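J.: Below is the structure I would like to discuss, written out as structure tokens.
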Amino acid sequence: MYNFNYYTPTKVVFGKNTEDQCGGLVKEQGCKKVLIHYGSGSVRRSGLLDKVKASLDDAEVDYIELGGAVPNPRLSLVYEGIELAKKEGVDFILAVGGGSVIDSAKAIGYGVANEGDVWDFYDRKRQAAGCLPIGVVLTIAATGSEMSNSSVITKEEGWVKRGYSSDYGRPRFAIMNPELTMTLPDYQTACGCTDILMHTMERYFTNGGNMEITDSIAEGLMRTVIENARILVRDPKNYDARAEVMWAGSLSHNGLTGCGAVVGGDFASHALEHEIGGIYDVAHGAGLAAIWGSWARYVYKDCLPRFEKFAMNVMQVDPEGTADDVALRGIEAMEDFYREIKMPTSIHELGIDPGDDELKLMAHKCSIGCKGSKGSAKVLHEEDMYKIYKAAL
């Protein structure tokens, strides 16, 4: 077991109609003017944005709006938000949406609170010294950004997708009503479940320390997501299943499932997917599912005890046979689950067809973004990344 710090300052307000408390929660922050940040229209169509604004009006909180956040959120909109927030004297950002909106809000917050180009943080050139405070009204269970220190932004010039993590960006509060996720298309629900599982697996498949209680939490979380994802395929309006998945999403990425394990986790699958998402603009969860099996088969021998344990404790495969056999059956069982919820298990199934030059470019960009190497289950370098992309076709 390694020493660890566990820091989760976000206040969670969970359950039905909790979005009605938005105004009071914002007012508690003592802010003077709020930027409401949201996506491309669903919050308007559902009536959620009107409810949020009515709650702020009731609390006598002044606000302005910035919509337009998209999946794989764009740096250009971040720059627009920074300029608007500075001009209007914004001192609090309220993200109404899913992970893309929250990540965009965090980037805007960094840009307002720090001098210079906000992309420097995502490009690993310097560290933020602060962030505007952020609150969240969550509409998608997926990234866990509502409780995490992470943010991922795509720079249109060169289509570079990069993440940045800082505790300054952790939201002050997160309003989480599972009912708000019921309008999602089945595909987006499945993408969210995949992302939640991957955030847990990135911490689980490591060569480092471990704590039995942390492993048990991680394994239980993954079993819960798999079980309830299956329920949502049959019954998309099931509130209890939505609630289980939503809470799992937050716990999967707030640090809990990595306590005592190797610092930082593995996160090679995320790094590999970022290049696919950055260039081809695919849904993040789908990209993760498409690359995961090839990554797992490439690294499992270097992390065999963890893969064997995962196969038995999470995927509940037959423990008979060699450790190799059990581990491979666990990988196959996870891919079968992805297919069950209509997620891809290859790059071609994403609807894209990169050639060898594109695969090499993605591997090169991934290596640059990772400062040369990435991974804990197995440390990957550029050639390894290329081989995994090629196997994933």
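FYI, nothing fancy with the structure tokens labels: chains A, B, ... in order, residues from 1 per chain, ligands from 1 as they appear.
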Can you pull out every residue within 6 Å of region 129-140 of chain A, counting only C-alpha atoms, but drop anything in the same chain fewer than 4 positions away, and send it as a ChimeraX atom specification?

T.: /A:92-98,109-110,113,168-169,171-176,180-181

J.: Pick out the residues sitting within 8 Å of region 368-370 of chain A, and hand them over as a list in words; count only C-alpha atoms, and ignore anything fewer than 5 positions along from it in its own chain.

T.: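 Here the qualifying residues turn out to be Asp123, Arg162 and Ala271 of chain A.
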
J.: Selected residues, N, CA and C atoms, written as a PDB file, in the first residue's frame, please.

T.:
```
ATOM      1  N   ASP A 123      -1.316  21.956 -22.028  1.00  0.00           N
ATOM      2  CA  ASP A 123      -0.102  21.613 -22.777  1.00  0.00           C
ATOM      3  C   ASP A 123       1.074  21.327 -21.853  1.00  0.00           C
ATOM      4  N   ARG A 162      -6.358  17.280 -24.898  1.00  0.00           N
ATOM      5  CA  ARG A 162      -5.484  17.146 -23.737  1.00  0.00           C
ATOM      6  C   ARG A 162      -6.267  17.356 -22.441  1.00  0.00           C
ATOM      7  N   ALA A 271      -5.503   7.979 -22.656  1.00  0.00           N
ATOM      8  CA  ALA A 271      -4.576   8.714 -23.511  1.00  0.00           C
ATOM      9  C   ALA A 271      -4.717   8.278 -24.972  1.00  0.00           C
TER      10      ALA A 271
END
```

J.: Restricting the calculation to only C-alpha atoms: of A:Lys371, A:Lys33, A:Arg203, A:His348, which residue gets closest to Lys87 (chain A)?

T.: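 Using only C-alpha atoms, the shortest distance to Lys87 (chain A) belongs to A:Lys33.
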
J.: Would you tabulate, counting only C-alpha atoms, all residues of region 287-361 of chain A that have an atom at most 9 Å from an atom of region 374-380 of chain A, showing the closest pair of atoms and their distance in Å to one decimal, sorted by chain then ascending number, as CSV?

T.:
```
residue,atom,partner,partner_atom,distance
A:Tyr298,CA,A:Lys378,CA,8.7
A:Val299,CA,A:Lys378,CA,5.5
A:Tyr300,CA,A:Ala377,CA,7.4
A:Lys301,CA,A:Lys378,CA,8.8
A:Asp302,CA,A:Lys378,CA,5.9
A:Cys303,CA,A:Ala377,CA,5.2
A:Leu304,CA,A:Ala377,CA,8.9
A:Arg306,CA,A:Ala377,CA,8.8
```

J.: Apply DSSP to the structure's backbone, then extract all residues of region 24-150 of chain A labelled strand (DSSP E or B) and return them as a PyMOL selection string.

T.: chain A and resi 33-38+62-66+74+92-97+134-138+150

J.: Create the file for the chosen residues now, containing N, CA and C atoms and written as a PDB file, in the first residue's frame.

T.:
```
ATOM      1  N   LYS A  33     -21.975  37.622  -9.536  1.00  0.00           N
ATOM      2  CA  LYS A  33     -22.494  37.384 -10.881  1.00  0.00           C
ATOM      3  C   LYS A  33     -22.058  36.008 -11.377  1.00  0.00           C
ATOM      4  N   VAL A  34     -23.014  35.279 -11.930  1.00  0.00           N
ATOM      5  CA  VAL A  34     -22.800  33.891 -12.327  1.00  0.00           C
ATOM      6  C   VAL A  34     -22.814  33.771 -13.853  1.00  0.00           C
ATOM      7  N   LEU A  35     -21.912  32.955 -14.367  1.00  0.00           N
ATOM      8  CA  LEU A  35     -21.970  32.533 -15.765  1.00  0.00           C
ATOM      9  C   LEU A  35     -22.616  31.145 -15.807  1.00  0.00           C
ATOM     10  N   ILE A  36     -23.793  31.060 -16.416  1.00  0.00           N
ATOM     11  CA  ILE A  36     -24.425  29.755 -16.631  1.00  0.00           C
ATOM     12  C   ILE A  36     -23.877  29.203 -17.931  1.00  0.00           C
ATOM     13  N   HIS A  37     -23.205  28.074 -17.853  1.00  0.00           N
ATOM     14  CA  HIS A  37     -22.582  27.473 -19.028  1.00  0.00           C
ATOM     15  C   HIS A  37     -23.295  26.165 -19.345  1.00  0.00           C
ATOM     16  N   TYR A  38     -23.639  25.962 -20.605  1.00  0.00           N
ATOM     17  CA  TYR A  38     -24.399  24.763 -20.967  1.00  0.00           C
ATOM     18  C   TYR A  38     -24.050  24.365 -22.401  1.00  0.00           C
ATOM     19  N   ASP A  62     -27.621  37.383  -9.789  1.00  0.00           N
ATOM     20  CA  ASP A  62     -27.466  37.912 -11.142  1.00  0.00           C
ATOM     21  C   ASP A  62     -26.677  36.913 -11.992  1.00  0.00           C
ATOM     22  N   TYR A  63     -27.009  36.812 -13.284  1.00  0.00           N
ATOM     23  CA  TYR A  63     -26.327  35.822 -14.131  1.00  0.00           C
ATOM     24  C   TYR A  63     -26.330  36.259 -15.587  1.00  0.00           C
ATOM     25  N   ILE A  64     -25.396  35.655 -16.339  1.00  0.00           N
ATOM     26  CA  ILE A  64     -25.364  35.725 -17.791  1.00  0.00           C
ATOM     27  C   ILE A  64     -25.227  34.295 -18.295  1.00  0.00           C
ATOM     28  N   GLU A  65     -25.364  34.099 -19.616  1.00  0.00           N
ATOM     29  CA  GLU A  65     -25.363  32.743 -20.174  1.00  0.00           C
ATOM     30  C   GLU A  65     -24.311  32.586 -21.264  1.00  0.00           C
ATOM     31  N   LEU A  66     -23.805  31.357 -21.380  1.00  0.00           N
ATOM     32  CA  LEU A  66     -22.969  30.969 -22.510  1.00  0.00           C
ATOM     33  C   LEU A  66     -23.266  29.515 -22.844  1.00  0.00           C
ATOM     34  N   ARG A  74     -14.443  22.446 -27.045  1.00  0.00           N
ATOM     35  CA  ARG A  74     -13.479  23.180 -27.864  1.00  0.00           C
ATOM     36  C   ARG A  74     -12.811  24.329 -27.106  1.00  0.00           C
ATOM     37  N   PHE A  92     -18.432  33.404 -10.469  1.00  0.00           N
ATOM     38  CA  PHE A  92     -18.853  32.024 -10.229  1.00  0.00           C
ATOM     39  C   PHE A  92     -19.374  31.447 -11.546  1.00  0.00           C
ATOM     40  N   ILE A  93     -19.076  30.174 -11.802  1.00  0.00           N
ATOM     41  CA  ILE A  93     -19.548  29.516 -13.017  1.00  0.00           C
ATOM     42  C   ILE A  93     -20.461  28.354 -12.617  1.00  0.00           C
ATOM     43  N   LEU A  94     -21.633  28.311 -13.234  1.00  0.00           N
ATOM     44  CA  LEU A  94     -22.577  27.213 -13.006  1.00  0.00           C
ATOM     45  C   LEU A  94     -22.669  26.395 -14.289  1.00  0.00           C
ATOM     46  N   ALA A  95     -22.160  25.176 -14.254  1.00  0.00           N
ATOM     47  CA  ALA A  95     -22.193  24.277 -15.401  1.00  0.00           C
ATOM     48  C   ALA A  95     -23.474  23.456 -15.343  1.00  0.00           C
ATOM     49  N   VAL A  96     -24.288  23.569 -16.376  1.00  0.00           N
ATOM     50  CA  VAL A  96     -25.547  22.824 -16.453  1.00  0.00           C
ATOM     51  C   VAL A  96     -25.422  21.856 -17.626  1.00  0.00           C
ATOM     52  N   GLY A  97     -25.122  20.605 -17.340  1.00  0.00           N
ATOM     53  CA  GLY A  97     -24.908  19.639 -18.405  1.00  0.00           C
ATOM     54  C   GLY A  97     -24.074  18.467 -17.935  1.00  0.00           C
ATOM     55  N   ILE A 134     -16.836  26.828  -9.099  1.00  0.00           N
ATOM     56  CA  ILE A 134     -17.745  26.194 -10.059  1.00  0.00           C
ATOM     57  C   ILE A 134     -18.784  25.372  -9.317  1.00  0.00           C
ATOM     58  N   GLY A 135     -20.014  25.441  -9.806  1.00  0.00           N
ATOM     59  CA  GLY A 135     -21.076  24.561  -9.354  1.00  0.00           C
ATOM     60  C   GLY A 135     -21.610  23.789 -10.541  1.00  0.00           C
ATOM     61  N   VAL A 136     -22.290  22.681 -10.273  1.00  0.00           N
ATOM     62  CA  VAL A 136     -22.730  21.793 -11.350  1.00  0.00           C
ATOM     63  C   VAL A 136     -24.181  21.376 -11.152  1.00  0.00           C
ATOM     64  N   VAL A 137     -24.949  21.401 -12.237  1.00  0.00           N
ATOM     65  CA  VAL A 137     -26.227  20.692 -12.305  1.00  0.00           C
ATOM     66  C   VAL A 137     -26.018  19.597 -13.349  1.00  0.00           C
ATOM     67  N   LEU A 138     -25.897  18.366 -12.904  1.00  0.00           N
ATOM     68  CA  LEU A 138     -25.462  17.269 -13.768  1.00  0.00           C
ATOM     69  C   LEU A 138     -26.621  16.675 -14.558  1.00  0.00           C
ATOM     70  N   SER A 150     -10.337  16.860 -12.784  1.00  0.00           N
ATOM     71  CA  SER A 150      -9.919  16.716 -14.176  1.00  0.00           C
ATOM     72  C   SER A 150     -10.760  17.542 -15.141  1.00  0.00           C
TER      73      SER A 150
END
```

J.: Considering only C-alpha atoms, can you say which of A:Lys309, A:His199, A:Lys106, A:Arg242 comes closest to Val326 (chain A)?

T.: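 Closest residue, counting only C-alpha atoms: A:Lys309.
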
J.: Go through A:Gly278, A:Pro305, A:Pro344, A:Gly355 one by one, measure the shortest atom-to-atom distance of each to Ile153 (chain A) using only C-alpha atoms, and give the residue with the smallest value.

T.: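 That would be A:Gly278, the residue with the smallest distance to Ile153 (chain A).
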